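Enquirer: Here you go, query_38.pdb (PDB, C-alpha atoms):
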ATOM      1  CA  MET F  21     106.225 257.448 -68.450  1.00  0.00           C
ATOM      2  CA  GLY F  22     106.734 260.687 -70.394  1.00  0.00           C
ATOM      3  CA  LEU F  23     109.905 262.457 -71.377  1.00  0.00           C
ATOM      4  CA  SER F  24     111.638 264.806 -68.996  1.00  0.00           C
ATOM      5  CA  PRO F  25     111.547 268.500 -69.985  1.00  0.00           C
ATOM      6  CA  ASP F  26     115.219 268.292 -71.003  1.00  0.00           C
ATOM      7  CA  ASP F  27     114.639 265.169 -73.118  1.00  0.00           C
ATOM      8  CA  ARG F  28     111.577 266.817 -74.695  1.00  0.00           C
ATOM      9  CA  ARG F  29     113.664 269.900 -75.637  1.00  0.00           C
ATOM     10  CA  LYS F  30     116.330 267.664 -77.171  1.00  0.00           C
ATOM     11  CA  ALA F  31     113.699 265.731 -79.136  1.00  0.00           C
ATOM     12  CA  VAL F  32     112.134 268.952 -80.446  1.00  0.00           C
ATOM     13  CA  ALA F  33     115.558 270.303 -81.455  1.00  0.00           C
ATOM     14  CA  LEU F  34     116.404 267.046 -83.248  1.00  0.00           C
ATOM     15  CA  GLY F  35     113.047 267.103 -85.041  1.00  0.00           C
ATOM     16  CA  GLU F  36     113.664 270.675 -86.181  1.00  0.00           C
ATOM     17  CA  GLU F  37     117.104 269.688 -87.450  1.00  0.00           C
ATOM     18  CA  ALA F  38     115.536 266.768 -89.345  1.00  0.00           C
ATOM     19  CA  GLU F  39     113.163 269.225 -91.056  1.00  0.00           C
ATOM     20  CA  ARG F  40     116.115 271.434 -92.051  1.00  0.00           C
ATOM     21  CA  VAL F  41     117.998 268.399 -93.408  1.00  0.00           C
ATOM     22  CA  VAL F  42     114.975 267.406 -95.509  1.00  0.00           C
ATOM     23  CA  ALA F  43     114.565 270.996 -96.755  1.00  0.00           C
ATOM     24  CA  ARG F  44     118.228 271.042 -97.855  1.00  0.00           C
ATOM     25  CA  ARG F  45     117.731 267.716 -99.625  1.00  0.00           C
ATOM     26  CA  TYR F  46     114.786 269.076-101.589  1.00  0.00           C
ATOM     27  CA  GLU F  47     116.749 272.231-102.429  1.00  0.00           C
ATOM     28  CA  ARG F  48     119.729 270.168-103.577  1.00  0.00           C
ATOM     29  CA  ASP F  49     117.326 268.252-105.836  1.00  0.00           C
ATOM     30  CA  GLY F  50     116.133 271.531-107.413  1.00  0.00           C
ATOM     31  CA  TRP F  51     113.000 272.206-105.353  1.00  0.00           C
ATOM     32  CA  THR F  52     112.179 275.528-103.676  1.00  0.00           C
ATOM     33  CA  VAL F  53     111.009 275.568-100.077  1.00  0.00           C
ATOM     34  CA  LEU F  54     107.886 277.742 -99.979  1.00  0.00           C
ATOM     35  CA  ALA F  55     107.036 277.250 -96.312  1.00  0.00           C
ATOM     36  CA  HIS F  56     108.286 275.616 -93.146  1.00  0.00           C
ATOM     37  CA  ARG F  57     105.757 274.621 -90.477  1.00  0.00           C
ATOM     38  CA  TRP F  58     102.915 276.188 -92.431  1.00  0.00           C
ATOM     39  CA  MET F  59      99.593 276.378 -90.558  1.00  0.00           C
ATOM     40  CA  GLY F  60      96.232 276.322 -92.267  1.00  0.00           C
ATOM     41  CA  GLY F  61      93.039 274.306 -92.473  1.00  0.00           C
ATOM     42  CA  GLY F  62      93.435 273.405 -88.807  1.00  0.00           C
ATOM     43  CA  ALA F  63      96.719 271.589 -89.389  1.00  0.00           C
ATOM     44  CA  GLU F  64     100.439 272.094 -89.785  1.00  0.00           C
ATOM     45  CA  VAL F  65     102.599 271.006 -92.720  1.00  0.00           C
ATOM     46  CA  ASP F  66     106.279 270.527 -91.926  1.00  0.00           C
ATOM     47  CA  LEU F  67     107.442 271.675 -95.373  1.00  0.00           C
ATOM     48  CA  ILE F  68     105.816 272.871 -98.570  1.00  0.00           C
ATOM     49  CA  VAL F  69     108.113 272.597-101.576  1.00  0.00           C
ATOM     50  CA  ARG F  70     107.760 273.484-105.267  1.00  0.00           C
ATOM     51  CA  ASP F  71     109.454 272.322-108.442  1.00  0.00           C
ATOM     52  CA  VAL F  72     108.149 274.442-111.353  1.00  0.00           C
ATOM     53  CA  ASP F  73     104.463 273.425-111.273  1.00  0.00           C
ATOM     54  CA  ARG F  74     104.636 270.546-108.783  1.00  0.00           C
ATOM     55  CA  LEU F  75     103.930 270.946-105.066  1.00  0.00           C
ATOM     56  CA  ARG F  76     104.669 268.628-102.179  1.00  0.00           C
ATOM     57  CA  PHE F  77     103.171 268.899 -98.706  1.00  0.00           C
ATOM     58  CA  VAL F  78     105.882 267.131 -96.737  1.00  0.00           C
ATOM     59  CA  GLU F  79     105.469 265.346 -93.414  1.00  0.00           C
ATOM     60  CA  VAL F  80     108.872 264.762 -91.805  1.00  0.00           C
ATOM     61  CA  LYS F  81     109.110 261.751 -89.505  1.00  0.00           C
ATOM     62  CA  LEU F  82     112.255 261.359 -87.429  1.00  0.00           C
ATOM     63  CA  ARG F  83     112.795 257.674 -86.769  1.00  0.00           C
ATOM     64  CA  LYS F  84     115.265 255.723 -84.696  1.00  0.00           C
ATOM     65  CA  PRO F  85     117.479 253.588 -86.968  1.00  0.00           C
ATOM     66  CA  GLU F  86     116.226 250.361 -85.401  1.00  0.00           C
ATOM     67  CA  ASP F  87     112.576 251.437 -85.667  1.00  0.00           C
ATOM     68  CA  PRO F  88     110.805 249.033 -88.056  1.00  0.00           C
ATOM     69  CA  VAL F  89     107.898 251.432 -88.619  1.00  0.00           C
ATOM     70  CA  GLY F  90     107.983 252.973 -92.060  1.00  0.00           C
ATOM     71  CA  PHE F  91     105.658 255.185 -94.011  1.00  0.00           C
ATOM     72  CA  GLU F  92     102.674 253.711 -92.192  1.00  0.00           C
ATOM     73  CA  ALA F  93     103.705 256.012 -89.316  1.00  0.00           C
ATOM     74  CA  VAL F  94     101.458 258.578 -91.020  1.00  0.00           C
ATOM     75  CA  ASP F  95      97.979 257.375 -90.132  1.00  0.00           C
ATOM     76  CA  ALA F  96      94.676 258.197 -91.832  1.00  0.00           C
ATOM     77  CA  ARG F  97      93.931 260.987 -89.360  1.00  0.00           C
ATOM     78  CA  LYS F  98      97.263 262.690 -90.103  1.00  0.00           C
ATOM     79  CA  VAL F  99      96.708 262.279 -93.858  1.00  0.00           C
ATOM     80  CA  ALA F 100      93.288 263.951 -93.524  1.00  0.00           C
ATOM     81  CA  ARG F 101      94.884 266.879 -91.666  1.00  0.00           C
ATOM     82  CA  LEU F 102      97.617 267.195 -94.305  1.00  0.00           C
ATOM     83  CA  ARG F 103      94.979 267.216 -97.048  1.00  0.00           C
ATOM     84  CA  ARG F 104      93.019 269.961 -95.268  1.00  0.00           C
ATOM     85  CA  ALA F 105      96.180 272.025 -94.871  1.00  0.00           C
ATOM     86  CA  GLY F 106      97.132 271.428 -98.512  1.00  0.00           C
ATOM     87  CA  ASP F 107      93.677 272.491 -99.675  1.00  0.00           C
ATOM     88  CA  ALA F 108      93.902 275.625 -97.523  1.00  0.00           C
ATOM     89  CA  PHE F 109      97.332 276.468 -98.958  1.00  0.00           C
ATOM     90  CA  LEU F 110      96.105 276.038-102.529  1.00  0.00           C
ATOM     91  CA  VAL F 111      93.202 278.465-102.018  1.00  0.00           C
ATOM     92  CA  ASP F 112      95.577 281.443-102.022  1.00  0.00           C
ATOM     93  CA  TYR F 113      98.492 279.985-103.980  1.00  0.00           C
ATOM     94  CA  GLN F 114      99.158 282.038-107.094  1.00  0.00           C
ATOM     95  CA  GLY F 115     101.510 279.697-108.978  1.00  0.00           C
ATOM     96  CA  ALA F 116     100.653 277.147-111.622  1.00  0.00           C
ATOM     97  CA  VAL F 117      99.940 273.686-110.237  1.00  0.00           C
ATOM     98  CA  ARG F 118     100.062 270.613-112.437  1.00  0.00           C
ATOM     99  CA  GLU F 119     100.528 268.221-109.550  1.00  0.00           C
ATOM    100  CA  ALA F 120     100.192 268.465-105.774  1.00  0.00           C
ATOM    101  CA  CYS F 121     100.527 265.634-103.318  1.00  0.00           C
ATOM    102  CA  ILE F 122     101.524 264.613 -99.836  1.00  0.00           C
ATOM    103  CA  ALA F 123     105.073 263.392 -99.358  1.00  0.00           C
ATOM    104  CA  VAL F 124     106.562 261.651 -96.350  1.00  0.00           C
ATOM    105  CA  ALA F 125     110.217 261.962 -95.400  1.00  0.00           C
ATOM    106  CA  LEU F 126     111.494 259.272 -93.042  1.00  0.00           C
ATOM    107  CA  VAL F 127     114.654 260.576 -91.430  1.00  0.00           C
ATOM    108  CA  ALA F 128     117.219 258.894 -89.191  1.00  0.00           C
ATOM    109  CA  CYS F 129     120.488 260.129 -87.750  1.00  0.00           C
ATOM    110  CA  VAL F 130     123.278 257.724 -86.792  1.00  0.00           C
ATOM    111  CA  ASP F 131     126.594 259.049 -85.557  1.00  0.00           C
ATOM    112  CA  GLY F 132     125.813 262.467 -87.018  1.00  0.00           C
ATOM    113  CA  ARG F 133     124.989 261.067 -90.475  1.00  0.00           C
ATOM    114  CA  TRP F 134     121.496 261.630 -91.800  1.00  0.00           C
ATOM    115  CA  SER F 135     119.531 259.256 -94.009  1.00  0.00           C
ATOM    116  CA  ILE F 136     116.306 260.243 -95.744  1.00  0.00           C
ATOM    117  CA  ASP F 137     113.733 258.060 -97.448  1.00  0.00           C
ATOM    118  CA  LEU F 138     111.207 260.050 -99.483  1.00  0.00           C
ATOM    119  CA  LEU F 139     107.848 258.848-100.702  1.00  0.00           C
ATOM    120  CA  ASP F 140     105.648 261.043-102.873  1.00  0.00           C
ATOM    121  CA  ASP F 141     101.875 260.690-102.763  1.00  0.00           C
ATOM    122  CA  ALA F 142     102.066 258.692 -99.597  1.00  0.00           C
ATOM    123  CA  VAL F 143      98.326 258.213 -99.457  1.00  0.00           C
TER     124      VAL F 143
END
Show me this structure written as C-alpha coordinates.

Expert:
Amino acid sequence: MGLSPDDRRKAVALGEEAERVVARRYERDGWTVLAHRWMGGGAEVDLIVRDVDRLRFVEVKLRKPEDPVGFEAVDARKVARLRRAGDAFLVDYQGAVREACIAVALVACVDGRWSIDLLDDAV
(Lines of atoms letter the chains of each structure in order from A and count residues from 1; the text may use other names and numbers.)
(Lines give C-alpha, C1' and ligand atoms only; values in the text may rest on other atoms or scores of the structure.)
Protein backbone atom coordinates (compact mmCIF):
# COMPACT_ATOMS: atom_id res chain seq x y z
CA MET A 1 0.00 0.00 0.00
CA GLY A 2 1.36 3.43 -0.96
CA LEU A 3 1.74 6.55 1.11
CA SER A 4 -1.13 8.94 1.56
CA PRO A 5 -0.72 12.34 -0.15
CA ASP A 6 -0.05 13.95 3.24
CA ASP A 7 2.57 11.33 4.16
CA ARG A 8 4.16 11.73 0.72
CA ARG A 9 4.41 15.53 1.22
CA LYS A 10 6.00 15.00 4.64
CA ALA A 11 8.49 12.51 3.19
CA VAL A 12 9.43 14.90 0.37
CA ALA A 13 9.88 17.77 2.85
CA LEU A 14 12.06 15.60 5.10
CA GLY A 15 14.15 14.51 2.10
CA GLU A 16 14.65 18.13 1.08
CA GLU A 17 15.71 19.00 4.62
CA ALA A 18 18.18 16.09 4.56
CA GLU A 19 19.72 17.53 1.38
CA ARG A 20 20.07 20.94 3.05
CA VAL A 21 21.68 19.34 6.11
CA VAL A 22 24.20 17.53 3.90
CA ALA A 23 24.91 20.74 1.95
CA ARG A 24 25.62 22.58 5.22
CA ARG A 25 27.93 19.75 6.30
CA TYR A 26 29.94 20.02 3.10
CA GLU A 27 30.08 23.81 3.46
CA ARG A 28 31.23 23.51 7.07
CA ASP A 29 33.99 21.18 5.82
CA GLY A 30 35.15 23.84 3.32
CA TRP A 31 33.33 22.69 0.17
CA THR A 32 31.25 24.95 -2.08
CA VAL A 33 27.82 23.82 -3.21
CA LEU A 34 27.70 24.35 -6.98
CA ALA A 35 24.25 22.88 -7.59
CA HIS A 36 21.27 21.41 -5.80
CA ARG A 37 19.05 18.94 -7.67
CA TRP A 38 21.01 19.44 -10.87
CA MET A 39 19.46 17.81 -13.97
CA GLY A 40 21.48 16.61 -16.91
CA GLY A 41 22.31 13.47 -18.86
CA GLY A 42 18.81 12.18 -18.18
CA ALA A 43 19.34 12.12 -14.42
CA GLU A 44 19.28 14.27 -11.31
CA VAL A 45 22.12 14.78 -8.83
CA ASP A 46 21.05 15.82 -5.34
CA LEU A 47 24.15 17.97 -4.75
CA ILE A 48 27.27 18.90 -6.68
CA VAL A 49 30.04 20.21 -4.44
CA ARG A 50 33.56 21.51 -5.08
CA ASP A 51 36.70 21.80 -2.99
CA VAL A 52 39.36 23.63 -5.05
CA ASP A 53 39.80 21.11 -7.89
CA ARG A 54 37.78 18.20 -6.50
CA LEU A 55 34.14 17.56 -7.38
CA ARG A 56 31.58 15.32 -5.74
CA PHE A 57 28.28 14.27 -7.26
CA VAL A 58 26.35 13.54 -4.09
CA GLU A 59 23.40 11.18 -3.72
CA VAL A 60 21.57 11.86 -0.45
CA LYS A 61 19.75 8.89 1.06
CA LEU A 62 17.46 9.54 4.01
CA ARG A 63 17.33 6.41 6.13
CA LYS A 64 15.35 5.39 9.17
CA PRO A 65 17.69 4.89 12.15
CA GLU A 66 16.77 1.21 12.44
CA ASP A 67 17.23 0.62 8.70
CA PRO A 68 20.12 -1.84 8.24
CA VAL A 69 20.59 -0.89 4.58
CA GLY A 70 23.73 1.13 4.03
CA PHE A 71 25.53 2.42 1.00
CA GLU A 72 24.27 -0.52 -1.04
CA ALA A 73 20.98 1.44 -1.21
CA VAL A 74 22.48 3.03 -4.33
CA ASP A 75 22.14 0.29 -6.92
CA ALA A 76 24.01 -0.12 -10.21
CA ARG A 77 21.22 1.56 -12.17
CA LYS A 78 21.36 4.65 -9.94
CA VAL A 79 25.17 4.73 -10.18
CA ALA A 80 24.92 4.65 -13.99
CA ARG A 81 22.48 7.59 -13.91
CA LEU A 82 24.76 9.54 -11.55
CA ARG A 83 27.71 8.91 -13.87
CA ARG A 84 25.73 10.15 -16.88
CA ALA A 85 24.71 13.27 -14.99
CA GLY A 86 28.29 13.83 -13.80
CA ASP A 87 29.61 13.47 -17.34
CA ALA A 88 26.99 15.93 -18.58
CA PHE A 89 27.93 18.43 -15.87
CA LEU A 90 31.63 18.17 -16.70
CA VAL A 91 31.04 18.95 -20.39
CA ASP A 92 30.35 22.61 -19.60
CA TYR A 93 32.21 22.96 -16.30
CA GLN A 94 34.89 25.62 -16.57
CA GLY A 95 36.87 24.93 -13.38
CA ALA A 96 39.95 22.79 -12.95
CA VAL A 97 39.19 19.18 -12.07
CA ARG A 98 41.82 16.92 -10.54
CA GLU A 99 39.30 14.50 -9.11
CA ALA A 100 35.58 13.87 -9.60
CA CYS A 101 33.57 11.08 -8.08
CA ILE A 102 30.21 9.98 -6.80
CA ALA A 103 29.58 10.37 -3.09
CA VAL A 104 26.74 8.94 -1.04
CA ALA A 105 25.40 10.63 2.07
CA LEU A 106 23.37 8.39 4.37
CA VAL A 107 21.28 10.62 6.58
CA ALA A 108 19.08 9.85 9.59
CA CYS A 109 17.15 12.11 11.93
CA VAL A 110 16.31 11.03 15.48
CA ASP A 111 14.56 13.42 17.83
CA GLY A 112 15.55 16.36 15.63
CA ARG A 113 19.24 15.40 15.59
CA TRP A 114 20.80 14.61 12.24
CA SER A 115 23.53 12.06 11.59
CA ILE A 116 25.41 11.84 8.29
CA ASP A 117 27.67 9.10 7.00
CA LEU A 118 29.61 10.12 3.89
CA LEU A 119 31.33 7.82 1.45
CA ASP A 120 33.34 9.19 -1.46
CA ASP A 121 33.66 7.21 -4.67
CA ALA A 122 30.84 4.96 -3.67
CA VAL A 123 31.14 2.88 -6.80

Enquirer: Take CA of Val78 in chain F and CA of Glu36 in chain F and report the distance between them in Å, one decimal.

Expert: 13.6 Å

Enquirer: For the point (113.3, 271.8, -107.5) in the file's frame, write as a count of residues only all residues with an atom no more than 6 Å away, counting all atoms listed in the file.

Expert: 5

Enquirer: Report as a list in words the full result of the PyMOL selection byres ((chain F and resi 124) around 9) when it is applied to this structure.

Expert: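 When the PyMOL selection byres ((chain F and resi 124) around 9) is applied to the shown file, the picked residues are Phe77, Val78, Glu79, Val80, Lys81, Phe91, Val94, Ile122, Ala123, Ala125, Leu126, Asp137, Leu138, Leu139, Asp140, Asp141 and Ala142 of chain F.
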
Enquirer: Between CA of Gly35 in chain F and CA of Asp66 in chain F, measure the distance and give it in Å to one decimal.

Expert: 10.2 Å

Enquirer: For CA of Asp27 in chain F and CA of Met59 in chain F, quote the distance in Å rounded to one decimal.

Expert: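 Distance between the two atoms: 25.6 Å.
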
Enquirer: Can you spell out as a list in words the set of residues that the PyMOL selection byres ((chain F and resi 113) around 12) selects in the structure I just provided?

Expert: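 Checked against the file, the PyMOL selection byres ((chain F and resi 113) around 12) matches Leu54, Ala55, Ile68, Arg70, Asp73, Leu75, Gly106, Asp107, Ala108, Phe109, Leu110, Val111, Asp112, Gln114, Gly115, Ala116, Val117 and Ala120 of chain F.
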
Enquirer: Could you tell me which of F:Leu82, F:Val130, F:Glu64, F:Arg118 comes closest to Ala105 in chain F if we count only C-alpha atoms?

Expert: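 Selected residue with least distance to Ala105 in chain F: F:Glu64.
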
Enquirer: Got a sec to check which residues sit within 7 Å of (99.9, 264.8, -94.0), counting only C-alpha atoms, and write them as a PDB file with C-alpha atoms, keeping the file's coordinate frame?

Expert:
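Produced file out13.pdb, reproduced below:
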ATOM      1  CA  VAL F  65     102.599 271.006 -92.720  1.00  0.00           C
ATOM      2  CA  VAL F  78     105.882 267.131 -96.737  1.00  0.00           C
ATOM      3  CA  GLU F  79     105.469 265.346 -93.414  1.00  0.00           C
ATOM      4  CA  LYS F  98      97.263 262.690 -90.103  1.00  0.00           C
ATOM      5  CA  VAL F  99      96.708 262.279 -93.858  1.00  0.00           C
ATOM      6  CA  ALA F 100      93.288 263.951 -93.524  1.00  0.00           C
ATOM      7  CA  ARG F 101      94.884 266.879 -91.666  1.00  0.00           C
ATOM      8  CA  LEU F 102      97.617 267.195 -94.305  1.00  0.00           C
ATOM      9  CA  ARG F 103      94.979 267.216 -97.048  1.00  0.00           C
ATOM     10  CA  ILE F 122     101.524 264.613 -99.836  1.00  0.00           C
TER      11      ILE F 122
END

Enquirer: Find the residue from F:Cys121, F:Lys84, F:His56, F:Leu23 that sits nearest to Glu39 in chain F; use all atoms listed in the file when measuring.

Expert: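 The closest residue to Glu39 in chain F is F:His56.
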
Enquirer: With distances taken over all atoms listed in the file, which residue among F:Val72, F:Val53, F:Ile136, F:Leu67 lies nearest Glu119 in chain F?

Expert: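 Between F:Val72, F:Val53, F:Ile136, F:Leu67, the residue approaching Glu119 in chain F most closely is F:Val72.
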
Enquirer: Tell me which of F:Val32, F:Ala38, F:Ala63, F:Ala43 sits closest to Arg104 in chain F, counting all atoms listed in the file.

Expert: F:Ala63

Enquirer: Which residue, F:Val41, F:Ala128, F:Ala96, F:Val69, has the smallest gap to Arg83 in chain F when you use all atoms listed in the file?

Expert: F:Ala128

Enquirer: What would range 81-113 of chain F look like with N, CA and C atoms in place, written as a PDB file, in the frame of the given file?

Expert:
ATOM      1  N   LYS F  81     109.186 262.671 -90.633  1.00  0.00           N
ATOM      2  CA  LYS F  81     109.110 261.751 -89.505  1.00  0.00           C
ATOM      3  C   LYS F  81     110.522 261.333 -89.126  1.00  0.00           C
ATOM      4  N   LEU F  82     110.951 261.761 -87.946  1.00  0.00           N
ATOM      5  CA  LEU F  82     112.255 261.359 -87.429  1.00  0.00           C
ATOM      6  C   LEU F  82     112.097 259.990 -86.788  1.00  0.00           C
ATOM      7  N   ARG F  83     112.894 259.051 -87.254  1.00  0.00           N
ATOM      8  CA  ARG F  83     112.795 257.674 -86.769  1.00  0.00           C
ATOM      9  C   ARG F  83     114.125 257.255 -86.155  1.00  0.00           C
ATOM     10  N   LYS F  84     114.052 256.348 -85.209  1.00  0.00           N
ATOM     11  CA  LYS F  84     115.265 255.723 -84.696  1.00  0.00           C
ATOM     12  C   LYS F  84     115.699 254.690 -85.721  1.00  0.00           C
ATOM     13  N   PRO F  85     117.007 254.526 -85.932  1.00  0.00           N
ATOM     14  CA  PRO F  85     117.479 253.588 -86.968  1.00  0.00           C
ATOM     15  C   PRO F  85     116.917 252.177 -86.818  1.00  0.00           C
ATOM     16  N   GLU F  86     116.716 251.727 -85.602  1.00  0.00           N
ATOM     17  CA  GLU F  86     116.226 250.361 -85.401  1.00  0.00           C
ATOM     18  C   GLU F  86     114.701 250.267 -85.443  1.00  0.00           C
ATOM     19  N   ASP F  87     114.032 251.398 -85.649  1.00  0.00           N
ATOM     20  CA  ASP F  87     112.576 251.437 -85.667  1.00  0.00           C
ATOM     21  C   ASP F  87     112.062 250.801 -86.956  1.00  0.00           C
ATOM     22  N   PRO F  88     111.287 249.712 -86.852  1.00  0.00           N
ATOM     23  CA  PRO F  88     110.805 249.033 -88.056  1.00  0.00           C
ATOM     24  C   PRO F  88     109.627 249.746 -88.723  1.00  0.00           C
ATOM     25  N   VAL F  89     109.050 250.744 -88.056  1.00  0.00           N
ATOM     26  CA  VAL F  89     107.898 251.432 -88.619  1.00  0.00           C
ATOM     27  C   VAL F  89     108.360 252.300 -89.784  1.00  0.00           C
ATOM     28  N   GLY F  90     107.631 252.206 -90.871  1.00  0.00           N
ATOM     29  CA  GLY F  90     107.983 252.973 -92.060  1.00  0.00           C
ATOM     30  C   GLY F  90     106.964 254.048 -92.336  1.00  0.00           C
ATOM     31  N   PHE F  91     106.569 254.136 -93.586  1.00  0.00           N
ATOM     32  CA  PHE F  91     105.658 255.185 -94.011  1.00  0.00           C
ATOM     33  C   PHE F  91     104.279 255.056 -93.376  1.00  0.00           C
ATOM     34  N   GLU F  92     103.966 253.878 -92.857  1.00  0.00           N
ATOM     35  CA  GLU F  92     102.674 253.711 -92.192  1.00  0.00           C
ATOM     36  C   GLU F  92     102.610 254.505 -90.883  1.00  0.00           C
ATOM     37  N   ALA F  93     103.708 255.152 -90.501  1.00  0.00           N
ATOM     38  CA  ALA F  93     103.705 256.012 -89.316  1.00  0.00           C
ATOM     39  C   ALA F  93     102.769 257.202 -89.505  1.00  0.00           C
ATOM     40  N   VAL F  94     102.410 257.498 -90.738  1.00  0.00           N
ATOM     41  CA  VAL F  94     101.458 258.578 -91.020  1.00  0.00           C
ATOM     42  C   VAL F  94     100.091 257.920 -91.180  1.00  0.00           C
ATOM     43  N   ASP F  95      99.274 258.051 -90.135  1.00  0.00           N
ATOM     44  CA  ASP F  95      97.979 257.375 -90.132  1.00  0.00           C
ATOM     45  C   ASP F  95      96.926 258.176 -90.898  1.00  0.00           C
ATOM     46  N   ALA F  96      95.756 257.588 -91.043  1.00  0.00           N
ATOM     47  CA  ALA F  96      94.676 258.197 -91.832  1.00  0.00           C
ATOM     48  C   ALA F  96      94.266 259.557 -91.275  1.00  0.00           C
ATOM     49  N   ARG F  97      94.290 259.704 -89.960  1.00  0.00           N
ATOM     50  CA  ARG F  97      93.931 260.987 -89.360  1.00  0.00           C
ATOM     51  C   ARG F  97      94.929 262.072 -89.745  1.00  0.00           C
ATOM     52  N   LYS F  98      96.226 261.727 -89.725  1.00  0.00           N
ATOM     53  CA  LYS F  98      97.263 262.690 -90.103  1.00  0.00           C
ATOM     54  C   LYS F  98      97.146 263.033 -91.586  1.00  0.00           C
ATOM     55  N   VAL F  99      96.881 262.041 -92.419  1.00  0.00           N
ATOM     56  CA  VAL F  99      96.708 262.279 -93.858  1.00  0.00           C
ATOM     57  C   VAL F  99      95.548 263.245 -94.092  1.00  0.00           C
ATOM     58  N   ALA F 100      94.444 263.051 -93.370  1.00  0.00           N
ATOM     59  CA  ALA F 100      93.288 263.951 -93.524  1.00  0.00           C
ATOM     60  C   ALA F 100      93.666 265.379 -93.138  1.00  0.00           C
ATOM     61  N   ARG F 101      94.443 265.538 -92.064  1.00  0.00           N
ATOM     62  CA  ARG F 101      94.884 266.879 -91.666  1.00  0.00           C
ATOM     63  C   ARG F 101      95.795 267.493 -92.723  1.00  0.00           C
ATOM     64  N   LEU F 102      96.720 266.689 -93.262  1.00  0.00           N
ATOM     65  CA  LEU F 102      97.617 267.195 -94.305  1.00  0.00           C
ATOM     66  C   LEU F 102      96.831 267.615 -95.542  1.00  0.00           C
ATOM     67  N   ARG F 103      95.821 266.854 -95.891  1.00  0.00           N
ATOM     68  CA  ARG F 103      94.979 267.216 -97.048  1.00  0.00           C
ATOM     69  C   ARG F 103      94.253 268.531 -96.801  1.00  0.00           C
ATOM     70  N   ARG F 104      93.702 268.702 -95.588  1.00  0.00           N
ATOM     71  CA  ARG F 104      93.019 269.961 -95.268  1.00  0.00           C
ATOM     72  C   ARG F 104      93.993 271.133 -95.362  1.00  0.00           C
ATOM     73  N   ALA F 105      95.185 270.951 -94.813  1.00  0.00           N
ATOM     74  CA  ALA F 105      96.180 272.025 -94.871  1.00  0.00           C
ATOM     75  C   ALA F 105      96.574 272.304 -96.318  1.00  0.00           C
ATOM     76  N   GLY F 106      96.784 271.251 -97.107  1.00  0.00           N
ATOM     77  CA  GLY F 106      97.132 271.428 -98.512  1.00  0.00           C
ATOM     78  C   GLY F 106      96.046 272.166 -99.272  1.00  0.00           C
ATOM     79  N   ASP F 107      94.799 271.798 -99.030  1.00  0.00           N
ATOM     80  CA  ASP F 107      93.677 272.491 -99.675  1.00  0.00           C
ATOM     81  C   ASP F 107      93.657 273.965 -99.279  1.00  0.00           C
ATOM     82  N   ALA F 108      93.899 274.237 -97.995  1.00  0.00           N
ATOM     83  CA  ALA F 108      93.902 275.625 -97.523  1.00  0.00           C
ATOM     84  C   ALA F 108      95.044 276.411 -98.176  1.00  0.00           C
ATOM     85  N   PHE F 109      96.194 275.792 -98.319  1.00  0.00           N
ATOM     86  CA  PHE F 109      97.332 276.468 -98.958  1.00  0.00           C
ATOM     87  C   PHE F 109      97.006 276.797-100.412  1.00  0.00           C
ATOM     88  N   LEU F 110      96.392 275.858-101.104  1.00  0.00           N
ATOM     89  CA  LEU F 110      96.105 276.038-102.529  1.00  0.00           C
ATOM     90  C   LEU F 110      95.075 277.136-102.804  1.00  0.00           C
ATOM     91  N   VAL F 111      94.218 277.432-101.829  1.00  0.00           N
ATOM     92  CA  VAL F 111      93.202 278.465-102.018  1.00  0.00           C
ATOM     93  C   VAL F 111      93.841 279.794-102.410  1.00  0.00           C
ATOM     94  N   ASP F 112      94.941 280.149-101.760  1.00  0.00           N
ATOM     95  CA  ASP F 112      95.577 281.443-102.022  1.00  0.00           C
ATOM     96  C   ASP F 112      96.852 281.345-102.848  1.00  0.00           C
ATOM     97  N   TYR F 113      97.247 280.153-103.233  1.00  0.00           N
ATOM     98  CA  TYR F 113      98.492 279.985-103.980  1.00  0.00           C
ATOM     99  C   TYR F 113      98.330 280.538-105.395  1.00  0.00           C
TER     100      TYR F 113
END
